[in-house]
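Have a look at structure16.cif; it's mmCIF, C-alpha atoms and all ligand atoms:
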data_structure
#
loop_
_atom_site.label_atom_id
_atom_site.label_comp_id
_atom_site.auth_asym_id
_atom_site.auth_seq_id
_atom_site.Cartn_x
_atom_site.Cartn_y
_atom_site.Cartn_z
CA MET A 88 0.00 0.00 0.00
CA ILE A 89 1.37 3.41 -0.95
CA THR A 90 0.68 6.06 1.66
CA ILE A 91 0.01 9.70 0.86
CA LYS A 92 1.50 12.00 3.48
CA THR A 93 -0.24 15.02 4.95
CA GLU A 94 1.60 18.33 5.23
CA SER A 95 2.14 17.81 8.96
CA GLU A 96 3.59 14.35 8.29
CA ILE A 97 5.84 15.93 5.65
CA ASP A 98 6.99 18.46 8.24
CA ALA A 99 8.10 15.57 10.46
CA LEU A 100 9.81 13.90 7.52
CA ARG A 101 11.53 17.19 6.72
CA GLU A 102 13.14 17.20 10.15
CA SER A 103 14.33 13.56 9.95
CA CYS A 104 15.68 14.26 6.47
CA ALA A 105 17.51 17.40 7.60
CA ILE A 106 19.28 15.24 10.18
CA VAL A 107 20.22 12.76 7.44
CA ARG A 108 21.52 15.57 5.22
CA ASP A 109 23.58 17.10 8.02
CA THR A 110 24.95 13.72 9.15
CA LEU A 111 26.04 12.88 5.62
CA ALA A 112 27.85 16.21 5.36
CA TYR A 113 29.48 15.70 8.77
CA VAL A 114 30.62 12.15 7.94
CA GLY A 115 31.84 13.30 4.52
CA GLY A 116 34.08 15.79 6.29
CA LEU A 117 35.65 12.99 8.35
CA VAL A 118 36.51 10.81 5.34
CA LYS A 119 40.27 10.74 4.87
CA PRO A 120 43.10 8.22 4.57
CA GLY A 121 43.72 6.30 7.82
CA VAL A 122 40.15 6.48 9.13
CA THR A 123 38.26 3.22 9.71
CA THR A 124 34.66 2.71 8.66
CA LYS A 125 33.84 1.91 12.30
CA GLU A 126 35.05 5.37 13.33
CA LEU A 127 32.70 6.92 10.77
CA ASP A 128 29.87 4.76 12.09
CA LYS A 129 30.43 5.88 15.69
CA ALA A 130 30.66 9.53 14.69
CA ALA A 131 27.44 9.28 12.68
CA GLU A 132 25.61 7.52 15.49
CA GLU A 133 26.62 10.20 18.00
CA PHE A 134 25.63 12.98 15.63
CA ILE A 135 22.22 11.47 14.90
CA ARG A 136 21.50 10.86 18.59
CA MET A 137 22.62 14.38 19.49
CA ARG A 138 19.93 15.66 17.16
CA GLY A 139 17.33 13.68 19.07
CA ALA A 140 16.95 10.98 16.44
CA TYR A 141 17.66 7.25 16.22
CA PRO A 142 19.87 5.70 13.51
CA SER A 143 17.18 3.52 11.91
CA CYS A 144 19.65 1.05 10.35
CA LEU A 145 20.97 -0.02 13.78
CA GLY A 146 19.31 -3.32 14.62
CA TYR A 147 17.21 -3.35 11.44
CA CYS A 148 16.86 -7.07 10.62
CA GLY A 149 19.88 -7.52 12.91
CA TYR A 150 22.08 -5.02 11.03
CA PRO A 151 24.99 -4.16 13.36
CA GLY A 152 25.84 -0.59 12.25
CA SER A 153 24.29 2.86 12.30
CA ILE A 154 25.42 3.50 8.73
CA CYS A 155 26.20 1.42 5.68
CA ALA A 156 29.82 2.08 4.64
CA SER A 157 30.61 0.51 1.26
CA VAL A 158 34.16 0.89 -0.08
CA ASN A 159 35.18 0.61 -3.76
CA GLU A 160 33.72 -2.68 -5.10
CA GLU A 161 31.24 -2.80 -2.22
CA VAL A 162 27.92 -1.61 -3.63
CA VAL A 163 25.62 -1.27 -0.61
CA HIS A 164 25.18 -2.49 2.98
CA GLY A 165 28.90 -2.57 3.80
CA ILE A 166 29.16 -3.23 7.54
CA PRO A 167 31.36 -0.69 9.37
CA GLY A 168 34.47 -2.31 10.82
CA GLU A 169 38.25 -2.19 11.03
CA ARG A 170 38.76 -1.51 7.33
CA VAL A 171 41.09 1.48 6.99
CA LEU A 172 40.36 3.98 4.22
CA ARG A 173 43.25 4.54 1.83
CA GLU A 174 44.06 7.32 -0.58
CA GLY A 175 42.29 6.56 -3.86
CA ASP A 176 39.34 4.70 -2.33
CA ILE A 177 35.74 5.76 -2.66
CA ILE A 178 33.21 5.16 0.10
CA SER A 179 29.44 5.17 -0.13
CA VAL A 180 27.74 6.17 3.10
CA ASP A 181 24.02 5.37 3.42
CA LEU A 182 22.14 6.29 6.57
CA CYS A 183 18.68 6.81 8.03
CA ALA A 184 17.39 8.87 10.95
CA TYR A 185 14.12 8.29 12.83
CA LYS A 186 12.45 11.11 14.73
CA ASN A 187 8.87 11.99 15.64
CA GLY A 188 7.61 8.79 14.03
CA PHE A 189 9.22 9.27 10.61
CA HIS A 190 12.36 8.04 8.85
CA GLY A 191 14.64 9.98 6.52
CA ASP A 192 17.10 8.20 4.23
CA GLY A 193 20.02 9.36 2.12
CA ALA A 194 23.37 8.28 0.66
CA ARG A 195 26.48 9.90 -0.80
CA THR A 196 29.72 8.54 -2.26
CA PHE A 197 32.87 10.31 -1.08
CA ALA A 198 36.42 10.31 -2.41
CA VAL A 199 39.27 9.41 -0.06
CA GLY A 200 41.99 11.89 -0.99
CA ARG A 201 42.83 11.86 -4.70
CA ILE A 202 40.96 9.31 -6.81
CA ASP A 203 41.42 8.20 -10.42
CA GLU A 204 39.37 9.55 -13.32
CA GLU A 205 37.14 6.50 -13.60
CA LYS A 206 36.03 6.87 -9.99
CA GLN A 207 35.55 10.63 -10.40
CA LYS A 208 33.33 10.01 -13.40
CA LEU A 209 31.43 7.25 -11.58
CA ILE A 210 30.58 9.54 -8.64
CA ARG A 211 29.58 12.38 -10.97
CA VAL A 212 27.42 10.21 -13.23
CA THR A 213 25.70 8.56 -10.24
CA GLU A 214 24.64 11.98 -8.92
CA GLU A 215 23.58 13.02 -12.41
CA CYS A 216 21.41 9.88 -12.62
CA PHE A 217 19.44 11.09 -9.60
CA PHE A 218 18.92 14.56 -11.07
CA ALA A 219 17.98 13.10 -14.47
CA ALA A 220 15.32 11.05 -12.67
CA VAL A 221 13.76 13.97 -10.79
CA LYS A 222 14.00 16.57 -13.57
CA ASP A 223 10.52 15.96 -15.00
CA LEU A 224 9.07 14.15 -12.00
CA ARG A 225 5.71 15.36 -10.64
CA ALA A 226 2.24 14.09 -9.80
CA GLY A 227 1.05 11.99 -12.74
CA THR A 228 4.50 10.73 -13.80
CA PRO A 229 4.59 6.94 -14.36
CA LEU A 230 6.70 5.30 -11.63
CA TYR A 231 9.12 3.52 -13.94
CA ASP A 232 10.10 6.76 -15.68
CA ILE A 233 12.43 7.16 -12.69
CA GLY A 234 14.35 3.96 -13.42
CA ALA A 235 14.26 4.59 -17.15
CA ALA A 236 16.00 7.95 -16.65
CA VAL A 237 18.61 6.49 -14.27
CA GLN A 238 19.36 3.56 -16.56
CA ALA A 239 19.60 5.68 -19.71
CA HIS A 240 22.07 8.12 -18.15
CA ALA A 241 24.20 5.37 -16.59
CA GLU A 242 24.37 3.27 -19.75
CA GLU A 243 25.07 6.29 -22.00
CA ASN A 244 28.18 6.72 -19.88
CA GLY A 245 29.26 3.09 -20.19
CA PHE A 246 28.14 2.11 -16.68
CA SER A 247 25.59 -0.44 -15.41
CA VAL A 248 22.70 -0.14 -12.98
CA VAL A 249 22.12 -2.41 -10.01
CA ARG A 250 18.97 -4.54 -10.35
CA GLU A 251 19.19 -6.52 -7.11
CA TYR A 252 18.46 -3.49 -4.88
CA VAL A 253 15.89 -0.76 -5.40
CA GLY A 254 14.67 2.52 -3.98
CA HIS A 255 11.46 2.60 -1.99
CA GLY A 256 8.71 4.59 -0.36
CA ILE A 257 9.42 5.89 3.15
CA GLY A 258 7.52 7.35 6.08
CA ARG A 259 6.50 5.69 9.33
CA GLU A 260 8.42 2.66 8.01
CA MET A 261 11.94 2.83 6.57
CA HIS A 262 10.82 0.76 3.59
CA GLU A 263 7.33 1.35 2.24
CA ASP A 264 5.72 0.72 -1.11
CA PRO A 265 6.38 1.23 -3.91
CA SER A 266 9.70 -0.29 -4.98
CA VAL A 267 11.61 2.22 -7.09
CA PRO A 268 13.96 0.35 -9.44
CA ASN A 269 16.90 1.98 -11.19
CA PHE A 270 15.86 0.44 -14.50
CA GLY A 271 12.61 0.23 -16.41
CA LYS A 272 10.54 1.23 -19.37
CA ARG A 273 9.38 4.81 -19.74
CA GLY A 274 5.61 5.28 -19.58
CA THR A 275 4.98 2.22 -17.38
CA GLY A 276 4.06 1.70 -13.74
CA ILE A 277 1.53 3.41 -11.52
CA ARG A 278 1.08 7.16 -11.84
CA LEU A 279 2.65 8.97 -8.89
CA LYS A 280 0.47 11.17 -6.73
CA ALA A 281 1.17 14.35 -4.79
CA GLY A 282 2.15 13.51 -1.21
CA MET A 283 3.93 10.26 -2.01
CA VAL A 284 7.42 10.18 -0.50
CA LEU A 285 10.12 8.17 -2.25
CA CYS A 286 13.78 7.31 -1.78
CA ILE A 287 15.34 7.60 -5.20
CA GLU A 288 18.76 5.99 -5.05
CA PRO A 289 20.85 5.26 -8.12
CA MET A 290 23.37 2.48 -7.42
CA ILE A 291 25.74 2.51 -10.37
CA LEU A 292 28.52 0.11 -11.37
CA ALA A 293 31.64 1.15 -13.26
CA GLY A 294 31.81 -2.31 -14.81
CA GLY A 295 29.31 -5.00 -15.76
CA ARG A 296 26.07 -6.04 -14.23
CA GLY A 297 25.76 -8.29 -11.20
CA VAL A 298 26.45 -8.29 -7.46
CA ASN A 299 27.22 -10.97 -4.87
CA VAL A 300 26.52 -10.86 -1.14
CA LEU A 301 29.47 -11.69 1.13
CA ASP A 302 29.34 -14.31 3.91
CA ASP A 303 28.47 -11.58 6.44
CA GLY A 304 25.00 -11.73 4.91
CA TRP A 305 24.91 -7.99 4.11
CA THR A 306 27.78 -6.61 2.07
CA ALA A 307 26.93 -6.53 -1.64
CA VAL A 308 29.99 -6.45 -3.92
CA THR A 309 30.35 -6.20 -7.68
CA LYS A 310 30.92 -9.51 -9.44
CA ASP A 311 33.74 -8.03 -11.53
CA GLY A 312 35.45 -6.23 -8.63
CA LYS A 313 35.03 -2.82 -10.30
CA PRO A 314 33.89 0.12 -8.17
CA ALA A 315 30.31 1.16 -7.45
CA ALA A 316 28.70 4.41 -6.32
CA HIS A 317 25.43 5.31 -4.58
CA TYR A 318 23.52 8.58 -4.34
CA GLU A 319 20.17 8.82 -2.59
CA ASN A 320 17.68 11.44 -1.54
CA THR A 321 14.23 11.32 0.03
CA VAL A 322 11.79 13.29 -2.15
CA VAL A 323 8.16 14.38 -1.91
CA ILE A 324 6.06 14.21 -5.07
CA ARG A 325 4.29 17.55 -5.62
CA GLU A 326 1.79 18.69 -8.26
CA GLU A 327 4.44 20.75 -10.05
CA GLY A 328 7.62 18.82 -9.32
CA VAL A 329 9.48 17.31 -6.39
CA GLU A 330 10.69 18.60 -3.05
CA ILE A 331 14.05 17.04 -2.15
CA LEU A 332 14.19 16.70 1.62
CA THR A 333 17.76 15.47 2.13
CA LEU A 334 19.59 18.18 0.20
N1 LIG B 1 19.21 3.09 3.54
C1 LIG B 1 19.20 1.69 3.31
C2 LIG B 1 18.05 1.29 2.39
O1 LIG B 1 17.45 2.11 1.80
C3 LIG B 1 19.10 1.02 4.62
C4 LIG B 1 19.64 -0.33 4.56
S1 LIG B 1 19.08 -1.23 5.87
C5 LIG B 1 20.47 -1.68 6.74
O2 LIG B 1 17.76 0.15 2.19
F1 LIG B 1 20.05 -2.39 7.71
F2 LIG B 1 21.29 -2.30 5.95
F3 LIG B 1 21.04 -0.61 7.17
CO CO B 2 17.18 3.87 1.03
#

What's the structure tokens form of this structure?
Ligand code: MF3
Ligand code: CO
Amino acid sequence: MITIKTESEIDALRESCAIVRDTLAYVGGLVKPGVTTKELDKAAEEFIRMRGAYPSCLGYCGYPGSICASVNEEVVHGIPGERVLREGDIISVDLCAYKNGFHGDGARTFAVGRIDEEKQKLIRVTEECFFAAVKDLRAGTPLYDIGAAVQAHAEENGFSVVREYVGHGIGREMHEDPSVPNFGKRGTGIRLKAGMVLCIEPMILAGGRGVNVLDDGWTAVTKDGKPAAHYENTVVIREEGVEILTL
């Protein structure tokens, strides 16, 4: 069931999403060679709690971290740990904050020091995929236009989209209907309505299609070992466009 949010519910979402936005910026500022992903996790958890929110990922289906920290060939759901960031790595940080009954969700991919041109292009194109998807989005847009726009922009640039993981609705639950794939056929799917709130989250692979999940049961890695990037915002569908809550 897809829920339509009232303006007062959207106000609550706006606050959770502002915490997500600020935490992502804070964590991004801590990313540098020598830092472990566990240190980033602890810093994010403290920041989120200081703002009176709860890091929704912590304990979700037994997930042990407050953030997902996915390095290089890790696509999503990387568990924070002793891995030390090195110059030339990229790290995708995905996190949620829960406050006043509503979840916000966002992700960014950060460079660790200087990175090569392929990784620079991957991060840039992944962000562009999000903006391509929301450019013409408004009430009445068919749902799968989102994925069609993401896929077209990624593939035009020689990259692949992830099919195993998708974006989603969000609100009182971290994952609500509908699923929001990063691929699809333009003009298909339900027509979006004003007041729907979606997490649009391109997950883009520098190489070929396909991911595996490691023995930890969470970490998704590319089959070909090439890097991946992730960029996510929570957005409200409006009559005339979208309101991006995590920017
Ligand atoms: N933000 C992630 C998502 O949209 C949260 C992953 S759940 C976790 O799916 F438990 F892995 F954190
Ligand atoms: Co999400």

Among the residues A:Glu327, A:Asp192, A:Glu161, A:Asp128, the one that comes closest to ligand CO 2 (chain B) [using all atoms listed in the file]: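 Among A:Glu327, A:Asp192, A:Glu161, A:Asp128, it is A:Asp192 that comes nearest to ligand CO 2 (chain B).
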
For region 267-276 of chain A, work out the shell of residues within 8 Å, counting only C-alpha atoms and skipping chain neighbours fewer than 5 positions away, then give it as a list in words.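 Neighbouring residues, sequence-local ones excluded: Pro229, Leu230, Tyr231, Asp232, Ile233, Gly234, Ala235, Ala236, Val237, Gln238, Val248, Val249, Arg250, Tyr252, Val253, Gly254, His255, Gly256, Leu285, Cys286, Ile287, Glu288, Pro289 and Met290 of chain A.
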
Could you write out the selected residues, including C-alpha atoms, as a PDB file, in the frame of the given file?
ATOM      1  CA  PRO A 229       4.590   6.940 -14.360  1.00  0.00           C
ATOM      2  CA  LEU A 230       6.700   5.300 -11.630  1.00  0.00           C
ATOM      3  CA  TYR A 231       9.120   3.520 -13.940  1.00  0.00           C
ATOM      4  CA  ASP A 232      10.100   6.760 -15.680  1.00  0.00           C
ATOM      5  CA  ILE A 233      12.430   7.160 -12.690  1.00  0.00           C
ATOM      6  CA  GLY A 234      14.350   3.960 -13.420  1.00  0.00           C
ATOM      7  CA  ALA A 235      14.260   4.590 -17.150  1.00  0.00           C
ATOM      8  CA  ALA A 236      16.000   7.950 -16.650  1.00  0.00           C
ATOM      9  CA  VAL A 237      18.610   6.490 -14.270  1.00  0.00           C
ATOM     10  CA  GLN A 238      19.360   3.560 -16.560  1.00  0.00           C
ATOM     11  CA  VAL A 248      22.700  -0.140 -12.980  1.00  0.00           C
ATOM     12  CA  VAL A 249      22.120  -2.410 -10.010  1.00  0.00           C
ATOM     13  CA  ARG A 250      18.970  -4.540 -10.350  1.00  0.00           C
ATOM     14  CA  TYR A 252      18.460  -3.490  -4.880  1.00  0.00           C
ATOM     15  CA  VAL A 253      15.890  -0.760  -5.400  1.00  0.00           C
ATOM     16  CA  GLY A 254      14.670   2.520  -3.980  1.00  0.00           C
ATOM     17  CA  HIS A 255      11.460   2.600  -1.990  1.00  0.00           C
ATOM     18  CA  GLY A 256       8.710   4.590  -0.360  1.00  0.00           C
ATOM     19  CA  LEU A 285      10.120   8.170  -2.250  1.00  0.00           C
ATOM     20  CA  CYS A 286      13.780   7.310  -1.780  1.00  0.00           C
ATOM     21  CA  ILE A 287      15.340   7.600  -5.200  1.00  0.00           C
ATOM     22  CA  GLU A 288      18.760   5.990  -5.050  1.00  0.00           C
ATOM     23  CA  PRO A 289      20.850   5.260  -8.120  1.00  0.00           C
ATOM     24  CA  MET A 290      23.370   2.480  -7.420  1.00  0.00           C
TER      25      MET A 290
END

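Nearest to Glu263 (chain A) of all the residues A:Arg325, A:Arg101, A:His190, A:Arg278 is A:His190, counting all atoms listed in the file.
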
Cut-off 12 Å around (9.8, 18.8, -15.4) with all atoms listed in the file: residues as a list of chain:residue names: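 So the residues meeting the distance criterion are A:Phe218, A:Ala219, A:Ala220, A:Val221, A:Lys222, A:Asp223, A:Leu224, A:Arg225, A:Ala226, A:Gly227, A:Thr228, A:Ile324, A:Arg325, A:Glu326, A:Glu327, A:Gly328, A:Val329.
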
Could the residues in this selection be saved with C-alpha atoms as a compact mmCIF listing (two decimals), in the frame of the given file?
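Written file, out.txt:
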# COMPACT_ATOMS: atom_id res chain seq x y z
CA PHE A 218 18.92 14.56 -11.07
CA ALA A 219 17.98 13.10 -14.47
CA ALA A 220 15.32 11.05 -12.67
CA VAL A 221 13.76 13.97 -10.79
CA LYS A 222 14.00 16.57 -13.57
CA ASP A 223 10.52 15.96 -15.00
CA LEU A 224 9.07 14.15 -12.00
CA ARG A 225 5.71 15.36 -10.64
CA ALA A 226 2.24 14.09 -9.80
CA GLY A 227 1.05 11.99 -12.74
CA THR A 228 4.50 10.73 -13.80
CA ILE A 324 6.06 14.21 -5.07
CA ARG A 325 4.29 17.55 -5.62
CA GLU A 326 1.79 18.69 -8.26
CA GLU A 327 4.44 20.75 -10.05
CA GLY A 328 7.62 18.82 -9.32
CA VAL A 329 9.48 17.31 -6.39

Selection within 6 Å of ligand LIG 1 (chain B) by only C-alpha atoms and all ligand atoms, output as a ChimeraX atom specification: /A:144,147,150,155,164,181-183,192

Using only C-alpha atoms, the best pick from A:Leu301, A:Ile89, A:Leu172, A:Ala194 as closest to Cys104 (chain A) would be A:Ala194

When you count only C-alpha atoms, which of these residues is closest to Glu260 (chain A): A:Ala184, A:Ile166, A:Val322, A:Val300?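 Among the listed residues, A:Ala184 lies closest to Glu260 (chain A).
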
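Shortest atom-to-atom contact with ligand CO 2 (chain B) among A:Ile331, A:Ala99, A:Val163, A:Met283: A:Val163, counting all atoms listed in the file.
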
Sorted by chain and rising residue number, which residues of region 223-262 of chain A lie within 12 Å of region 201-206 of chain A, and what are their closest atom pairs and distances in Å to one decimal, counting all atoms listed in the file, as a tab-separated table?
residue	atom	partner	partner_atom	distance
A:Asn244	CA	A:Glu205	CA	10.9
A:Gly245	CA	A:Glu205	CA	10.8
A:Phe246	CA	A:Glu205	CA	10.5

Non-local contacts of Ser143 (chain A) (12 Å; all atoms listed in the file; under 3 positions in same chain excluded) as an MDAnalysis selection string: chainID A and resid 103 107 131:132 135:136 140 146:155 181:186 188:193 257:262

So the first atom is CA of Ser179 (chain A) and the second is CA of Ser157 (chain A); what is the distance between them in Å, to one decimal place? 5.0 Å
